[in-house]
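Here's the structure we're looking at; comments come further down.
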Amino acid sequence: MNYKIFLEKGKCSHCKNVVVIKRSYSGETLCSECFEKNIEKNIYKTISKYKMLHPHDKIIVALSGGKDSISLLYNLIKIQERTYNPEPIIALMVDEGIKGYRKNSIEKAKDFCKIYDIEHKIISFKEKIGYKLDEIISIKKKSIDYRYACNYCATFRRRLLNDSAKDLGGTVLALGHNLTDVAETFLMNILYKRFHIIANQYLFKEQNSRIENYFIRKITPLMRIPEDEIFLYANIKKFDYYPSHCPYREKDPIIRKRVLDFIQKCKQYSPEIEFNLFNGFLELSKSLYYQNEKKNYNSCQLCGYPCGNTKICTYCNYLKDFT
Ligand code: SF4
Ligand SMILES: [Zn+2]
Ligand SMILES: [Zn+2]
């Protein structure tokens with residue numbers, strides 16, 4: 001795809017140059033230079049408003065080779081350059097083992113890290129779990145309780161990213177989730193009544209040493225930028241990212257994709273809808289967090305990780321056919 005599809009008529013609201021985007025949710029028009037600055041300022045402000053980084057944090061960036069994680073890594077490198085004596089960033093990538101997909105994005109990620117002299121670590125499902133995602137899916141598909149590929153993939157990837165980031169000495173794991181992802185996840189969690197997850201995602205959670213033993217702190221500095229704007233930004237910056245979507249997202253008719261389509265349709269009539277969902281998420285996660293604060297949670301009987309009110313965590317539950 002080409003960012004020229006965003007070319008608009010008219011003048012930039014800030015400098016009168018030629019416009020590349022008109023934001024239908026605000027009416028603002030921006031030229032490429034002002035747009036680029038605006039996105040970078042948004043990321044910087046999100047980090048400071050939500051106190052995402054502390055001095056001497058060791059940042060691990062979850063890199064997929066796509067537009068979001070490459071834009072995130074680039075901005076964190078720039079932000080760190082302004083910081084006194086920063087710990088070097090490490091880019092961490094998970095190779096799930098998806099034929100015809102992940103190999104290409106690994107190459108893009110490798111090249112990007114080389115240009116910016118960033119250490120690039122790759123971990124794989126095969127090495128950590130013993131099976132590639134393609135193998136996991138062909139085994140799981142035979143069982144009557146088969147869940148969509150993304151459920152297995154995301155659960156395993158989250159755990160491996162978390163554990164590897166901790167092993168690398170990270171104090172914070174930066175994820176490339178954008179506003180569209182946050183809106184989609186929030187709506188999914190509402191639809192499935194997963195209030196404990198929404199509570200757990202409260203951005204100003206108090207530090208808890210028991211949780212910290214298991215989970216690294218996660219940050220999402222792109223969470224206030226819609227996906228199509230990250231796309232435009234990555235193209236204006238001429239980042240060499242891997243544009244293709246994972247084949248499972250197309251093959252498996254997962255509800256998540258339908259939810260995303262629904263949000264996109266709503267956006268045509270109500271352009272601010274993703275921001276409304278985001279603000280709803282902030283408010284609800286806060287009140288649910290304080291409401292649930294005193295509740296106890298179990299430890300998984302197999303791995304010991306905190307796991308809500310079940311006896312075995314989802315990770316171990318999915319893993320049990322493979323051990
Ligand atoms: S789309 Fe689904 S299967 Fe593909 S990488 Fe993402 S979570 Fe994994
Ligand atoms: Zn301008
Ligand atoms: Zn477990």
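Every chain in the structure tokens has a letter given in the order shown (A, B, ...), and although residue numbers restart at 1 in each chain, ligands are simply numbered from 1 in the order shown.
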Protein and nucleic acid residues within 6 Å of ligand 2 (only C-alpha atoms and all ligand atoms) as JSON, numbers by chain: {"A": [12, 14, 15, 16, 17, 30, 31, 33, 34]}
Since we have the selection now, will you write its residues out, keeping all heavy atoms, as a JSON list (two decimals), in the first residue's frame?
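For reference, out-v6.json as written:
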```
[["chain", "number", "residue", "atom", "x", "y", "z"],
["A", 12, "CYS", "N", -2.30, 22.87, 5.25],
["A", 12, "CYS", "CA", -2.08, 22.41, 6.62],
["A", 12, "CYS", "C", -2.62, 23.45, 7.61],
["A", 12, "CYS", "O", -2.42, 24.65, 7.42],
["A", 12, "CYS", "CB", -0.58, 22.21, 6.82],
["A", 12, "CYS", "SG", -0.09, 21.88, 8.50],
["A", 14, "HIS", "N", -1.51, 24.19, 10.33],
["A", 14, "HIS", "CA", -0.43, 24.80, 11.11],
["A", 14, "HIS", "C", 0.51, 25.67, 10.29],
["A", 14, "HIS", "O", 0.93, 26.72, 10.74],
["A", 14, "HIS", "CB", 0.37, 23.71, 11.83],
["A", 14, "HIS", "CG", -0.49, 22.88, 12.73],
["A", 14, "HIS", "ND1", -0.69, 23.18, 14.05],
["A", 14, "HIS", "CD2", -1.23, 21.77, 12.48],
["A", 14, "HIS", "CE1", -1.51, 22.28, 14.59],
["A", 14, "HIS", "NE2", -1.85, 21.42, 13.65],
["A", 15, "CYS", "N", 0.87, 25.20, 9.06],
["A", 15, "CYS", "CA", 1.92, 25.93, 8.33],
["A", 15, "CYS", "C", 1.54, 26.28, 6.89],
["A", 15, "CYS", "O", 2.33, 26.84, 6.17],
["A", 15, "CYS", "CB", 3.21, 25.12, 8.33],
["A", 15, "CYS", "SG", 3.12, 23.70, 7.23],
["A", 16, "LYS", "N", 0.36, 25.88, 6.45],
["A", 16, "LYS", "CA", -0.15, 26.19, 5.10],
["A", 16, "LYS", "C", 0.52, 25.38, 3.98],
["A", 16, "LYS", "O", 0.33, 25.67, 2.81],
["A", 16, "LYS", "CB", -0.06, 27.70, 4.77],
["A", 16, "LYS", "CG", -0.67, 28.62, 5.81],
["A", 16, "LYS", "CD", -2.16, 28.37, 5.96],
["A", 16, "LYS", "CE", -2.76, 29.16, 7.12],
["A", 16, "LYS", "NZ", -3.88, 28.48, 7.76],
["A", 17, "ASN", "N", 1.33, 24.37, 4.35],
["A", 17, "ASN", "CA", 1.87, 23.47, 3.31],
["A", 17, "ASN", "C", 0.77, 22.53, 2.80],
["A", 17, "ASN", "O", -0.32, 22.49, 3.37],
["A", 17, "ASN", "CB", 3.02, 22.64, 3.89],
["A", 17, "ASN", "CG", 4.34, 23.38, 3.83],
["A", 17, "ASN", "OD1", 4.48, 24.34, 3.07],
["A", 17, "ASN", "ND2", 5.28, 22.96, 4.65],
["A", 30, "LEU", "N", -3.20, 18.34, 8.19],
["A", 30, "LEU", "CA", -1.76, 18.37, 8.49],
["A", 30, "LEU", "C", -0.94, 18.06, 7.25],
["A", 30, "LEU", "O", -1.29, 17.16, 6.47],
["A", 30, "LEU", "CB", -1.43, 17.34, 9.57],
["A", 30, "LEU", "CG", -1.97, 17.62, 10.97],
["A", 30, "LEU", "CD1", -2.09, 16.33, 11.76],
["A", 30, "LEU", "CD2", -1.08, 18.59, 11.72],
["A", 31, "CYS", "N", 0.18, 18.77, 7.08],
["A", 31, "CYS", "CA", 1.15, 18.44, 6.04],
["A", 31, "CYS", "C", 2.04, 17.32, 6.59],
["A", 31, "CYS", "O", 1.98, 17.01, 7.78],
["A", 31, "CYS", "CB", 1.99, 19.66, 5.67],
["A", 31, "CYS", "SG", 3.12, 20.16, 6.98],
["A", 33, "GLU", "N", 5.21, 17.11, 7.26],
["A", 33, "GLU", "CA", 6.15, 17.51, 8.31],
["A", 33, "GLU", "C", 5.44, 17.72, 9.65],
["A", 33, "GLU", "O", 5.90, 17.24, 10.70],
["A", 33, "GLU", "CB", 6.84, 18.81, 7.88],
["A", 33, "GLU", "CG", 8.24, 18.94, 8.41],
["A", 33, "GLU", "CD", 8.92, 20.16, 7.78],
["A", 33, "GLU", "OE1", 9.13, 20.14, 6.54],
["A", 33, "GLU", "OE2", 9.16, 21.11, 8.52],
["A", 34, "CYS", "N", 4.33, 18.44, 9.62],
["A", 34, "CYS", "CA", 3.60, 18.70, 10.88],
["A", 34, "CYS", "C", 2.99, 17.40, 11.42],
["A", 34, "CYS", "O", 2.93, 17.19, 12.63],
["A", 34, "CYS", "CB", 2.50, 19.74, 10.66],
["A", 34, "CYS", "SG", 3.15, 21.38, 10.32]]
```
Which of region 126-273 of chain A DSSP labels strand (DSSP E), written as a JSON list (two decimals) with N, CA, C and O atoms, in the first residue's frame:
```json
[["chain", "number", "residue", "atom", "x", "y", "z"],
["A", 172, "VAL", "N", 11.03, -2.99, 31.76],
["A", 172, "VAL", "CA", 9.78, -2.61, 31.11],
["A", 172, "VAL", "C", 9.75, -3.21, 29.70],
["A", 172, "VAL", "O", 10.77, -3.27, 29.02],
["A", 173, "LEU", "N", 8.55, -3.68, 29.33],
["A", 173, "LEU", "CA", 8.37, -4.27, 27.99],
["A", 173, "LEU", "C", 7.45, -3.35, 27.20],
["A", 173, "LEU", "O", 6.30, -3.13, 27.59],
["A", 174, "ALA", "N", 7.97, -2.78, 26.09],
["A", 174, "ALA", "CA", 7.18, -1.85, 25.29],
["A", 174, "ALA", "C", 6.50, -2.60, 24.14],
["A", 174, "ALA", "O", 7.15, -3.33, 23.39],
["A", 217, "ARG", "N", 6.67, -5.06, 33.81],
["A", 217, "ARG", "CA", 5.74, -3.95, 33.56],
["A", 217, "ARG", "C", 5.64, -3.72, 32.05],
["A", 217, "ARG", "O", 6.65, -3.75, 31.34],
["A", 218, "LYS", "N", 4.42, -3.53, 31.57],
["A", 218, "LYS", "CA", 4.24, -3.36, 30.12],
["A", 218, "LYS", "C", 3.74, -1.96, 29.81],
["A", 218, "LYS", "O", 2.95, -1.40, 30.57],
["A", 219, "ILE", "N", 4.23, -1.40, 28.71],
["A", 219, "ILE", "CA", 3.78, -0.07, 28.31],
["A", 219, "ILE", "C", 3.37, -0.08, 26.83],
["A", 219, "ILE", "O", 3.88, -0.87, 26.05]]
```
Considering only C-alpha atoms and all ligand atoms, give me a table of residues in chain A that are at most 9 Å from ligand 1, with the closest atom pair and distance in Å for each, as JSON lines.
```
{"residue": "A:Glu96", "atom": "CA", "partner": "ligand 1", "partner_atom_place_in_ligand_line": "5 (S)", "distance": 7.2}
{"residue": "A:Ile98", "atom": "CA", "partner": "ligand 1", "partner_atom_place_in_ligand_line": "4 (Fe)", "distance": 7.8}
{"residue": "A:Tyr101", "atom": "CA", "partner": "ligand 1", "partner_atom_place_in_ligand_line": "5 (S)", "distance": 8.8}
{"residue": "A:Arg102", "atom": "CA", "partner": "ligand 1", "partner_atom_place_in_ligand_line": "5 (S)", "distance": 8.3}
{"residue": "A:Leu133", "atom": "CA", "partner": "ligand 1", "partner_atom_place_in_ligand_line": "3 (S)", "distance": 7.8}
{"residue": "A:Tyr148", "atom": "CA", "partner": "ligand 1", "partner_atom_place_in_ligand_line": "2 (Fe)", "distance": 8.2}
{"residue": "A:Ala149", "atom": "CA", "partner": "ligand 1", "partner_atom_place_in_ligand_line": "3 (S)", "distance": 5.1}
{"residue": "A:Cys150", "atom": "CA", "partner": "ligand 1", "partner_atom_place_in_ligand_line": "2 (Fe)", "distance": 3.5}
{"residue": "A:Asn151", "atom": "CA", "partner": "ligand 1", "partner_atom_place_in_ligand_line": "7 (S)", "distance": 6.8}
{"residue": "A:Tyr152", "atom": "CA", "partner": "ligand 1", "partner_atom_place_in_ligand_line": "7 (S)", "distance": 7.7}
{"residue": "A:Cys153", "atom": "CA", "partner": "ligand 1", "partner_atom_place_in_ligand_line": "8 (Fe)", "distance": 4.5}
{"residue": "A:Ala154", "atom": "CA", "partner": "ligand 1", "partner_atom_place_in_ligand_line": "7 (S)", "distance": 4.7}
{"residue": "A:Thr155", "atom": "CA", "partner": "ligand 1", "partner_atom_place_in_ligand_line": "7 (S)", "distance": 8.4}
{"residue": "A:Arg157", "atom": "CA", "partner": "ligand 1", "partner_atom_place_in_ligand_line": "8 (Fe)", "distance": 8.0}
{"residue": "A:His245", "atom": "CA", "partner": "ligand 1", "partner_atom_place_in_ligand_line": "1 (S)", "distance": 7.2}
{"residue": "A:Cys246", "atom": "CA", "partner": "ligand 1", "partner_atom_place_in_ligand_line": "4 (Fe)", "distance": 4.5}
{"residue": "A:Pro247", "atom": "CA", "partner": "ligand 1", "partner_atom_place_in_ligand_line": "4 (Fe)", "distance": 6.5}
{"residue": "A:Tyr248", "atom": "CA", "partner": "ligand 1", "partner_atom_place_in_ligand_line": "3 (S)", "distance": 5.0}
{"residue": "A:Arg249", "atom": "CA", "partner": "ligand 1", "partner_atom_place_in_ligand_line": "1 (S)", "distance": 4.5}
{"residue": "A:Glu250", "atom": "CA", "partner": "ligand 1", "partner_atom_place_in_ligand_line": "1 (S)", "distance": 8.2}
{"residue": "A:Asp252", "atom": "CA", "partner": "ligand 1", "partner_atom_place_in_ligand_line": "2 (Fe)", "distance": 8.7}
```
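Near ligand 3, at distances of 9 Å or less and with only C-alpha atoms and all ligand atoms counted, sit the residues Ser299, Cys300, Gln301, Leu302, Cys303, Gly304, Tyr305, Pro306, Cys307, Lys311, Ile312, Cys313, Thr314, Tyr315, Cys316, Asn317 and Leu319 of chain A.
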Mind checking which residues fall within 10 Å of Phe35 (chain A), counting only C-alpha atoms, ignoring those fewer than 6 positions away in the same chain, and posting them as a VMD selection string? chain A and resid 12 14 19 to 21 29 41 229 232 to 233 236
Alpha helix (DSSP H) residues, from DSSP on the backbone, in region 80-124 of chain A, as a ChimeraX atom specification: /A:80-81,102-115
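Nearest to Ser64 (chain A) of all the residues A:Tyr290, A:Tyr318, A:Phe112, A:Phe204 is A:Phe112, counting only C-alpha atoms.
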What is the distance, in Å and to one decimal place, between CA of Pro55 (chain A) and CA of Ile79 (chain A)?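 These atoms are spaced 11.9 Å apart.
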Gap from CA of Lys9 (chain A) to CA of Lys67 (chain A) - Å, one decimal: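 Taking CA of Lys9 (chain A) as the start and CA of Lys67 (chain A) as the end point, the length is 25.6 Å.
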Residues within 12 Å of Tyr116 (chain A), please, as a short mmCIF file (atom, residue, chain, number, x, y, z; two decimals) with C-alpha atoms, in the first residue's frame. Count only C-alpha atoms; anything in the same chain fewer than 2 positions from it doesn't count.
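Saved file out18.cif follows:
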```cif
data_model
loop_
_atom_site.label_atom_id
_atom_site.label_comp_id
_atom_site.auth_asym_id
_atom_site.auth_seq_id
_atom_site.Cartn_x
_atom_site.Cartn_y
_atom_site.Cartn_z
CA ILE A 70 9.12 -0.44 14.09
CA LEU A 73 11.26 1.24 18.43
CA TYR A 74 12.37 4.23 16.34
CA ASN A 75 10.69 6.68 18.73
CA LEU A 76 12.03 5.02 21.85
CA ILE A 77 15.55 5.19 20.39
CA LYS A 78 15.05 8.93 19.73
CA GLU A 81 19.03 9.70 22.89
CA PRO A 88 20.64 0.20 25.74
CA ILE A 89 17.31 -0.93 24.29
CA ILE A 90 16.92 -4.57 23.26
CA ALA A 91 14.49 -5.61 20.52
CA ALA A 109 13.31 -6.43 11.85
CA LYS A 110 16.91 -7.58 11.58
CA ASP A 111 17.72 -4.91 8.97
CA PHE A 112 16.08 -2.19 11.04
CA CYS A 113 18.02 -3.13 14.19
CA LYS A 114 21.26 -3.20 12.22
CA ILE A 118 20.08 -2.26 18.40
CA GLU A 119 20.58 -5.70 19.89
CA HIS A 120 18.04 -8.05 18.34
#
```
